[in-house]
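Structure file start.cif (mmCIF, C-alpha atoms and all ligand atoms) follows.
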```cif
data_target
loop_
_atom_site.label_atom_id
_atom_site.label_comp_id
_atom_site.auth_asym_id
_atom_site.auth_seq_id
_atom_site.Cartn_x
_atom_site.Cartn_y
_atom_site.Cartn_z
CA MET A 27 163.99 220.16 28.19
CA ASN A 28 161.13 220.48 30.55
CA ASN A 29 159.46 217.12 30.85
CA GLY A 30 156.10 218.56 31.82
CA ASN A 31 156.50 217.71 35.50
CA GLY A 32 158.44 220.84 36.28
CA ASN A 33 161.74 218.96 36.04
CA HIS A 34 164.42 218.95 33.40
CA GLU A 35 165.65 216.19 31.21
CA LYS A 36 169.17 215.68 30.12
CA THR A 37 169.50 215.82 26.37
CA GLY A 38 173.02 214.55 25.83
CA GLY A 39 176.24 214.09 27.77
CA MET A 40 176.58 214.16 31.53
CA ASP A 41 176.85 217.93 31.78
CA GLU A 42 174.55 218.93 28.97
CA PHE A 43 171.52 220.75 30.20
CA VAL A 44 168.80 222.76 28.50
CA LEU A 45 167.43 225.79 30.26
CA SER A 46 163.70 226.24 30.54
CA GLY A 47 161.90 229.21 29.00
CA TRP A 48 161.48 230.67 32.47
CA GLU A 49 165.23 230.63 33.05
CA LYS A 50 165.99 232.12 29.65
CA LYS A 51 163.39 234.82 30.03
CA ASN A 52 164.66 235.73 33.46
CA ASN A 53 168.26 235.85 32.37
CA LEU A 54 169.69 233.19 34.66
CA LEU A 55 172.17 232.17 31.97
CA HIS A 56 174.92 234.20 33.57
CA LEU A 57 174.96 231.97 36.64
CA PRO A 58 177.86 229.52 36.99
CA PRO A 59 177.06 226.01 35.66
CA VAL A 60 177.48 224.50 39.11
CA MET A 61 174.21 226.15 40.10
CA LEU A 62 172.28 224.46 37.32
CA GLU A 63 171.63 220.99 38.63
CA THR A 64 170.76 218.27 36.20
CA THR A 65 168.46 216.44 38.58
CA GLY A 66 165.89 217.34 41.16
CA ASP A 67 162.94 219.57 41.62
CA ARG A 68 162.94 222.77 39.54
CA LEU A 69 161.27 224.85 42.26
CA GLU A 70 163.92 223.74 44.77
CA LYS A 71 166.57 224.77 42.27
CA ILE A 72 165.01 228.20 41.90
CA VAL A 73 165.02 228.67 45.69
CA ARG A 74 168.66 227.59 45.79
CA LEU A 75 169.43 230.19 43.12
CA LEU A 76 167.61 232.80 45.16
CA LEU A 77 169.75 232.01 48.21
CA GLN A 78 172.91 232.12 46.13
CA GLU A 79 171.93 235.39 44.50
CA LEU A 80 171.55 236.80 48.01
CA GLY A 81 175.12 235.73 48.78
CA LEU A 82 174.10 233.00 51.22
CA ASP A 83 176.03 229.77 51.70
CA VAL A 84 173.67 227.02 50.53
CA ASN A 85 175.93 224.41 52.12
CA ASP A 86 175.56 225.93 55.57
CA GLN A 87 173.71 223.57 57.93
CA HIS A 88 170.79 225.99 58.22
CA PHE A 89 170.36 226.48 54.46
CA ARG A 90 171.12 222.97 53.24
CA ASP A 91 167.47 221.84 53.30
CA THR A 92 165.95 225.29 52.85
CA PRO A 93 165.22 224.89 49.12
CA ARG A 94 163.22 221.74 49.86
CA ARG A 95 161.34 223.39 52.73
CA VAL A 96 160.58 226.58 50.82
CA ALA A 97 159.47 224.68 47.70
CA ARG A 98 157.14 222.62 49.86
CA TYR A 99 155.81 225.76 51.53
CA TYR A 100 155.02 227.46 48.22
CA ARG A 101 153.36 224.34 46.84
CA GLU A 102 151.25 224.07 49.98
CA PHE A 103 150.34 227.74 49.74
CA THR A 104 149.31 227.55 46.09
CA GLN A 105 147.43 224.24 46.00
CA GLY A 106 144.12 226.13 46.27
CA GLN A 107 144.46 227.08 42.60
CA ARG A 108 143.09 223.63 41.85
CA ALA A 109 140.33 223.70 44.50
CA ARG A 110 136.94 222.45 43.35
CA PRO A 111 134.18 223.92 45.58
CA GLU A 112 131.70 221.36 44.24
CA ASP A 113 133.87 218.60 45.73
CA ILE A 114 134.02 220.35 49.11
CA LEU A 115 130.45 221.53 49.69
CA LYS A 116 128.36 218.42 50.32
CA THR A 117 124.73 219.48 50.80
CA PHE A 118 121.74 218.07 52.69
CA GLN A 119 118.02 218.76 52.36
CA SER A 120 116.59 221.07 55.02
CA THR A 121 113.48 223.15 55.67
CA SER A 122 115.52 225.77 57.53
CA SER A 123 115.21 229.31 56.22
CA ALA A 124 116.96 231.02 59.11
CA LEU A 125 120.33 232.74 59.21
CA ILE A 126 123.20 230.26 59.67
CA THR A 127 126.52 231.74 60.73
CA VAL A 128 129.97 230.19 61.08
CA SER A 129 132.32 232.72 62.65
CA SER A 130 136.00 233.04 63.59
CA ILE A 131 137.38 230.76 60.91
CA ASP A 132 141.16 231.12 61.16
CA PHE A 133 142.78 231.47 57.76
CA TYR A 134 146.02 232.29 56.01
CA SER A 135 146.48 233.36 52.43
CA LEU A 136 149.25 234.74 50.25
CA CYS A 137 149.49 238.31 48.99
CA PRO A 138 150.02 238.08 45.20
CA HIS A 139 151.98 241.34 45.13
CA HIS A 140 154.72 240.29 47.56
CA LEU A 141 154.15 236.54 48.06
CA LEU A 142 153.97 237.20 51.78
CA PRO A 143 151.30 235.70 54.06
CA TYR A 144 148.30 237.48 55.45
CA GLY A 145 145.79 236.00 57.82
CA GLY A 146 143.13 236.49 60.42
CA LYS A 147 139.47 235.51 60.75
CA ILE A 148 136.71 234.91 58.26
CA HIS A 149 133.06 235.08 59.25
CA PHE A 150 130.47 233.49 57.00
CA CYS A 151 126.67 233.24 56.94
CA TYR A 152 123.92 232.16 54.62
CA VAL A 153 120.15 231.70 54.42
CA PRO A 154 119.31 228.28 52.96
CA ASN A 155 116.97 227.65 50.09
CA GLY A 156 116.16 223.98 50.67
CA ARG A 157 119.72 222.77 51.21
CA ILE A 158 122.30 223.17 53.97
CA VAL A 159 125.97 222.15 54.20
CA GLY A 160 127.88 220.40 56.98
CA ILE A 161 129.47 222.99 59.29
CA SER A 162 133.03 221.77 58.67
CA LYS A 163 132.65 222.32 54.94
CA ILE A 164 132.66 226.08 55.32
CA PRO A 165 136.15 226.27 56.93
CA ARG A 166 137.27 223.74 54.34
CA LEU A 167 136.02 225.99 51.54
CA VAL A 168 137.72 229.01 53.12
CA HIS A 169 141.02 227.18 53.54
CA ALA A 170 140.91 225.76 50.01
CA LEU A 171 140.24 229.12 48.34
CA ALA A 172 142.74 230.93 50.59
CA ALA A 173 145.59 228.56 49.71
CA ARG A 174 146.81 230.59 46.71
CA PRO A 175 148.03 234.08 45.95
CA VAL A 176 144.85 236.20 46.04
CA VAL A 177 144.11 239.69 47.30
CA GLN A 178 141.84 239.82 50.34
CA GLU A 179 139.32 241.90 48.39
CA ASP A 180 138.86 239.08 45.86
CA LEU A 181 139.07 236.23 48.38
CA VAL A 182 135.75 237.14 50.03
CA GLU A 183 134.12 237.53 46.60
CA ASN A 184 135.46 234.14 45.48
CA ILE A 185 134.16 232.41 48.64
CA ALA A 186 130.71 234.00 48.24
CA ASP A 187 130.49 233.11 44.53
CA ALA A 188 131.64 229.52 45.11
CA PHE A 189 129.04 229.00 47.83
CA MET A 190 126.25 230.58 45.75
CA ASN A 191 127.12 228.46 42.72
CA VAL A 192 127.21 225.13 44.54
CA VAL A 193 124.63 225.49 47.35
CA ASN A 194 122.26 228.00 45.72
CA PRO A 195 121.06 229.61 48.99
CA LEU A 196 118.82 232.69 49.22
CA GLY A 197 121.99 234.61 49.95
CA CYS A 198 125.31 234.57 51.75
CA ALA A 199 127.76 237.02 53.29
CA VAL A 200 131.48 236.79 53.92
CA LYS A 201 133.61 239.07 56.08
CA ALA A 202 137.40 238.81 56.39
CA ILE A 203 139.54 240.66 58.93
CA ALA A 204 143.25 240.15 58.39
CA LYS A 205 146.73 241.47 58.99
CA HIS A 206 149.23 241.44 56.15
CA ASP A 207 152.94 240.69 56.58
CA CYS A 208 153.72 242.91 53.59
CA VAL A 209 152.21 245.84 55.49
CA ALA A 210 153.69 244.79 58.85
CA ALA A 211 157.25 243.75 58.09
CA ARG A 212 158.21 245.79 55.03
CA GLY A 213 157.35 249.03 53.28
CA VAL A 214 155.07 251.08 55.51
CA LYS A 215 155.87 248.80 58.53
CA CYS A 216 152.52 249.07 60.21
CA PRO A 217 151.92 245.76 62.06
CA SER A 218 148.77 246.97 63.81
CA ALA A 219 146.88 247.76 60.61
CA ALA A 220 144.05 245.33 59.89
CA MET A 221 141.98 245.11 56.73
CA THR A 222 138.28 244.24 56.63
CA THR A 223 136.62 243.11 53.41
CA LYS A 224 133.05 241.96 52.84
CA ALA A 225 131.05 240.28 50.10
CA MET A 226 127.25 240.07 50.05
CA ARG A 227 125.13 237.98 47.72
CA GLY A 228 121.38 237.50 47.15
CA ILE A 229 119.09 238.45 49.99
CA PHE A 230 121.93 240.09 51.95
CA GLN A 231 122.13 242.80 49.29
CA GLU A 232 118.51 243.78 49.95
CA LYS A 233 117.75 243.05 53.62
CA GLN A 234 119.68 245.25 55.99
CA PHE A 235 118.29 243.42 59.04
CA LEU A 236 120.03 240.22 57.90
CA CYS A 237 123.36 242.03 57.80
CA LEU A 238 122.74 243.23 61.36
CA GLN A 239 121.83 239.68 62.43
CA PHE A 240 125.09 238.49 60.87
CA GLU A 241 127.07 241.04 62.87
CA GLU A 242 125.24 239.99 66.08
CA ALA A 243 125.94 236.33 65.42
CA VAL A 244 129.63 237.08 64.81
CA ALA A 245 129.79 239.00 68.12
CA GLU A 246 128.03 236.13 69.93
CA GLY A 247 130.43 233.65 68.35
CA GLY A 248 133.29 235.65 69.85
CA THR A 249 131.86 235.13 73.35
CA CYS A 250 131.49 231.34 73.00
CA VAL A 251 133.85 229.66 75.45
CA ARG A 252 134.38 225.95 75.39
ZN ZN A 301 151.41 242.54 49.65
#
```
Would you write out, as C-alpha cells, the structure that this file holds?
Ligand SMILES: [Zn+2]
Amino acid sequence: MNNGNGNHEKTGGMDEFVLSGWEKKNNLLHLPPVMLETTGDRLEKIVRLLLQELGLDVNDQHFRDTPRRVARYYREFTQGQRARPEDILKTFQSTSSALITVSSIDFYSLCPHHLLPYGGKIHFCYVPNGRIVGISKIPRLVHALAARPVVQEDLVENIADAFMNVVNPLGCAVKAIAKHDCVAARGVKCPSAAMTTKAMRGIFQEKQFLCLQFEEAVAEGGTCVR
C-alpha cells in the first residue's frame, strides 16, 4: 500500500508487496519481482526500472547511484509546483512611478512534453503603483515558477499574473528567450533555434512607449559590465 509519502508499506510476509495504482495502470506487473523493492523511495525505484527497461546494468559503478541522483533532480525541478508568490514578493512603500527593469535573469525550466530542460534569459519590468519589491525577489519569483514542467508560453504569463496579483503595479511585462533541449538534442535537432515569449499586463497593453523603454532597458542591461 502507498503510505501517502510516496513509499510502499509491506502488508504481510517478507516478500509480500502491493503495487501502487500507478504501477498497475502502467503495466509494470510483468517485471521480475527482484525489481520491486520493498523499501526505499518510490521515485528512485521508478528510475531504476527505467534503467533496467533500457537494458542497463543498475549495478554498474556509474549507474549504482543514478536512481537517487535522478529522483533528486526531478524533485528539484518540480518543487515550483508548490511555490507561493505571496511568500516571495515582499513589498515596500514607494512614490516611484517610473519603469523598473530587471534584465538577464538566468533560468531553467522543464518542458512538460518531453521532461527535458530549456533555459535562457528572462527580462522583467513593471511600473509601481505605490509599492515596489526588493530586486532579488524578481529572480526568486522567476526561479520558483520555472522549477516545474511548464511550457515557455505559459511561464511568462504565470510570472506576470503572479506579480500583478501580489504587488498590484500599474502594469508589468515579461520576456523570455530560451533554447530547448527537446528541440536541440532530439526530433528536429536544431540547437540554434531560440524561442521568445512575452506577456504584458496593465499599462503595458496600452502604452507602446513603455514597451520600447523596456526593450531599451534590456539592451542597456546587456552592456552593464561589472
Ligand atoms: Zn519539449
- Query: Residues at most 10 Å from ligand ZN 301 (chain A), using only C-alpha atoms and all ligand atoms? Could they come as a ChimeraX atom specification?
  - Reply: /A:136-144,175-178,206-210,212-213
With C-alpha atoms kept, could you save the residues just selected as an mmCIF file, keeping the file's coordinate frame?
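Written output follows (selection-v8.cif):
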```cif
data_model
loop_
_atom_site.group_PDB
_atom_site.id
_atom_site.type_symbol
_atom_site.label_atom_id
_atom_site.label_comp_id
_atom_site.auth_asym_id
_atom_site.auth_seq_id
_atom_site.Cartn_x
_atom_site.Cartn_y
_atom_site.Cartn_z
ATOM 1 C CA LEU A 136 149.250 234.740 50.250
ATOM 2 C CA CYS A 137 149.490 238.310 48.990
ATOM 3 C CA PRO A 138 150.020 238.080 45.200
ATOM 4 C CA HIS A 139 151.980 241.340 45.130
ATOM 5 C CA HIS A 140 154.720 240.290 47.560
ATOM 6 C CA LEU A 141 154.150 236.540 48.060
ATOM 7 C CA LEU A 142 153.970 237.200 51.780
ATOM 8 C CA PRO A 143 151.300 235.700 54.060
ATOM 9 C CA TYR A 144 148.300 237.480 55.450
ATOM 10 C CA PRO A 175 148.030 234.080 45.950
ATOM 11 C CA VAL A 176 144.850 236.200 46.040
ATOM 12 C CA VAL A 177 144.110 239.690 47.300
ATOM 13 C CA GLN A 178 141.840 239.820 50.340
ATOM 14 C CA HIS A 206 149.230 241.440 56.150
ATOM 15 C CA ASP A 207 152.940 240.690 56.580
ATOM 16 C CA CYS A 208 153.720 242.910 53.590
ATOM 17 C CA VAL A 209 152.210 245.840 55.490
ATOM 18 C CA ALA A 210 153.690 244.790 58.850
ATOM 19 C CA ARG A 212 158.210 245.790 55.030
ATOM 20 C CA GLY A 213 157.350 249.030 53.280
#
```
- Rounded to one decimal in Å, what is the spacing between atom CA of A:Phe230 and atom CA of A:Gln107? 27.6 Å
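Atom to atom, atom CA of A:Ser135 and atom CA of A:Gly197 stand 24.6 Å apart.
With all atoms listed in the file as the atoms that count, the minimum distance from A:Ala220 to the choices A:Ala202, A:Phe235, A:Asp132, A:Pro195 is reached by A:Ala202.
Coordinates place atom CA of A:Arg227 at a distance of 5.3 Å from atom CA of A:Cys198.
Taking all atoms listed in the file into account, A:Ala204 lies nearest to A:Glu179 out of the set A:Glu241, A:Asp187, A:Glu102, A:Glu179.
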What are the closest atom pairs, with distances in Å to one decimal, for each residue of stretch 71-114 of chain A lying within 8 Å of stretch 146-169 of chain A, using all atoms listed in the file, rows by chain and rising residue number, as a tab-separated table?
```
residue	atom	partner	partner_atom	distance
A:Gly106	CA	A:His169	CA	8.0
A:Pro111	CA	A:Leu167	CA	6.6
A:Ile114	CA	A:Lys163	CA	6.3
```
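Proximity of A:Val128, A:Arg174, A:Phe118, A:Asp83 to A:Tyr99, computed with only C-alpha atoms, is greatest for A:Arg174.
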- Message: Using all atoms listed in the file, which protein or nucleic acid residues come within 12 Å of A:Glu242? Drop anything in the same chain fewer than 2 positions from it, and give the result as a PyMOL selection string.
- Response: chain A and resi 125-129+149+151+235-240+244-249
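The nearest approach to A:Val200 among the residues A:Arg74, A:Lys224, A:Lys116, A:Lys233, with all atoms listed in the file taken into account, belongs to A:Lys224.
All residues of protein, DNA or RNA that reach within 10 Å of stretch 86-96 of chain A, judged by all atoms listed in the file and not counting those fewer than 5 positions away in the chain, are A:Asp67, A:Leu69, A:Glu70, A:Lys71, A:Ile72, A:Val73, A:Arg74, A:Leu75, A:Leu76, A:Leu77, A:Arg101, A:Glu102.
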Residues just named, written with C-alpha atoms as a PDB file, keeping the file's coordinate frame:
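Output (again-v1.pdb):
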```pdb
ATOM      1  CA  ASP A  67     162.940 219.570  41.620  1.00  0.00           C
ATOM      2  CA  LEU A  69     161.270 224.850  42.260  1.00  0.00           C
ATOM      3  CA  GLU A  70     163.920 223.740  44.770  1.00  0.00           C
ATOM      4  CA  LYS A  71     166.570 224.770  42.270  1.00  0.00           C
ATOM      5  CA  ILE A  72     165.010 228.200  41.900  1.00  0.00           C
ATOM      6  CA  VAL A  73     165.020 228.670  45.690  1.00  0.00           C
ATOM      7  CA  ARG A  74     168.660 227.590  45.790  1.00  0.00           C
ATOM      8  CA  LEU A  75     169.430 230.190  43.120  1.00  0.00           C
ATOM      9  CA  LEU A  76     167.610 232.800  45.160  1.00  0.00           C
ATOM     10  CA  LEU A  77     169.750 232.010  48.210  1.00  0.00           C
ATOM     11  CA  ARG A 101     153.360 224.340  46.840  1.00  0.00           C
ATOM     12  CA  GLU A 102     151.250 224.070  49.980  1.00  0.00           C
TER      13      GLU A 102
END
```
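Distance annotation: of A:Leu82, A:Thr117, A:Ser130, A:Ser123, the residue with the minimal separation from A:Ala243 is A:Ser130; atom set is all atoms listed in the file.
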May I have the centre and edge lengths, in Å to one decimal, of an axis-aligned box around the listed atoms of stretch 194-211 of chain A with 8 Å added to every side, as AutoDock Vina command-line options?
```
--center_x 138.0 --center_y 236.9 --center_z 52.4 --size_x 54.4 --size_y 33.8 --size_z 29.3
```
Please rebuild stretch 193-228 of chain A with N, CA and C atoms and return the result as a compact mmCIF listing (two decimals), in the frame of the given file.
```txt
# COMPACT_ATOMS: atom_id res chain seq x y z
N VAL A 193 125.70 225.74 46.37
CA VAL A 193 124.63 225.49 47.35
C VAL A 193 123.32 226.19 46.95
N ASN A 194 123.43 227.25 46.18
CA ASN A 194 122.26 228.00 45.72
C ASN A 194 121.35 228.45 46.87
N PRO A 195 121.89 229.14 47.88
CA PRO A 195 121.06 229.61 48.99
C PRO A 195 120.31 230.89 48.58
N LEU A 196 119.48 231.41 49.50
CA LEU A 196 118.82 232.69 49.22
C LEU A 196 119.83 233.84 49.23
N GLY A 197 120.92 233.61 49.93
CA GLY A 197 121.99 234.61 49.95
C GLY A 197 123.08 234.19 50.90
N CYS A 198 124.23 234.84 50.80
CA CYS A 198 125.31 234.57 51.75
C CYS A 198 126.14 235.84 51.92
N ALA A 199 126.88 235.88 53.01
CA ALA A 199 127.76 237.02 53.29
C ALA A 199 129.08 236.51 53.85
N VAL A 200 130.14 237.17 53.47
CA VAL A 200 131.48 236.79 53.92
C VAL A 200 132.18 238.05 54.40
N LYS A 201 132.84 237.94 55.55
CA LYS A 201 133.61 239.07 56.08
C LYS A 201 134.98 238.56 56.51
N ALA A 202 136.03 239.20 56.01
CA ALA A 202 137.40 238.81 56.39
C ALA A 202 138.07 239.97 57.11
N ILE A 203 138.74 239.66 58.21
CA ILE A 203 139.54 240.66 58.93
C ILE A 203 140.94 240.08 59.04
N ALA A 204 141.92 240.76 58.47
CA ALA A 204 143.25 240.15 58.39
C ALA A 204 144.36 241.18 58.53
N LYS A 205 145.51 240.68 58.96
CA LYS A 205 146.73 241.47 58.99
C LYS A 205 147.69 240.90 57.96
N HIS A 206 148.39 241.81 57.29
CA HIS A 206 149.23 241.44 56.15
C HIS A 206 150.71 241.63 56.50
N ASP A 207 151.50 240.59 56.29
CA ASP A 207 152.94 240.69 56.58
C ASP A 207 153.61 241.74 55.69
N CYS A 208 153.08 241.93 54.48
CA CYS A 208 153.72 242.91 53.59
C CYS A 208 153.48 244.34 54.06
N VAL A 209 152.45 244.52 54.88
CA VAL A 209 152.21 245.84 55.49
C VAL A 209 152.97 245.95 56.82
N ALA A 210 153.09 244.79 57.52
CA ALA A 210 153.69 244.79 58.85
C ALA A 210 155.21 244.83 58.83
N ALA A 211 155.81 244.00 57.97
CA ALA A 211 157.25 243.75 58.09
C ALA A 211 158.09 244.45 57.03
N ARG A 212 157.46 245.10 56.08
CA ARG A 212 158.21 245.79 55.03
C ARG A 212 157.45 247.07 54.66
N GLY A 213 158.03 247.83 53.78
CA GLY A 213 157.35 249.03 53.28
C GLY A 213 156.92 249.96 54.39
N VAL A 214 155.61 250.11 54.54
CA VAL A 214 155.07 251.08 55.51
C VAL A 214 155.31 250.64 56.96
N LYS A 215 155.58 249.35 57.19
CA LYS A 215 155.87 248.80 58.53
C LYS A 215 154.83 249.21 59.55
N CYS A 216 153.65 248.71 59.35
CA CYS A 216 152.52 249.07 60.21
C CYS A 216 151.83 247.79 60.70
N PRO A 217 152.44 247.07 61.67
CA PRO A 217 151.92 245.76 62.06
C PRO A 217 150.54 245.78 62.70
N SER A 218 150.10 246.92 63.18
CA SER A 218 148.77 246.97 63.81
C SER A 218 147.64 247.10 62.81
N ALA A 219 147.94 247.51 61.59
CA ALA A 219 146.88 247.76 60.61
C ALA A 219 146.17 246.46 60.22
N ALA A 220 144.86 246.48 60.31
CA ALA A 220 144.05 245.33 59.89
C ALA A 220 143.13 245.76 58.75
N MET A 221 142.87 244.83 57.86
CA MET A 221 141.98 245.11 56.73
C MET A 221 140.70 244.29 56.86
N THR A 222 139.57 244.94 56.63
CA THR A 222 138.28 244.24 56.63
C THR A 222 137.69 244.30 55.23
N THR A 223 137.29 243.15 54.72
CA THR A 223 136.62 243.11 53.41
C THR A 223 135.34 242.28 53.54
N LYS A 224 134.35 242.65 52.78
CA LYS A 224 133.05 241.96 52.84
C LYS A 224 132.54 241.67 51.44
N ALA A 225 131.77 240.58 51.35
CA ALA A 225 131.05 240.28 50.10
C ALA A 225 129.64 239.85 50.47
N MET A 226 128.68 240.39 49.80
CA MET A 226 127.25 240.07 50.05
C MET A 226 126.65 239.53 48.75
N ARG A 227 125.82 238.52 48.89
CA ARG A 227 125.13 237.98 47.72
C ARG A 227 123.65 237.76 48.05
N GLY A 228 122.80 237.82 47.02
CA GLY A 228 121.38 237.50 47.15
C GLY A 228 120.67 238.39 48.16
```
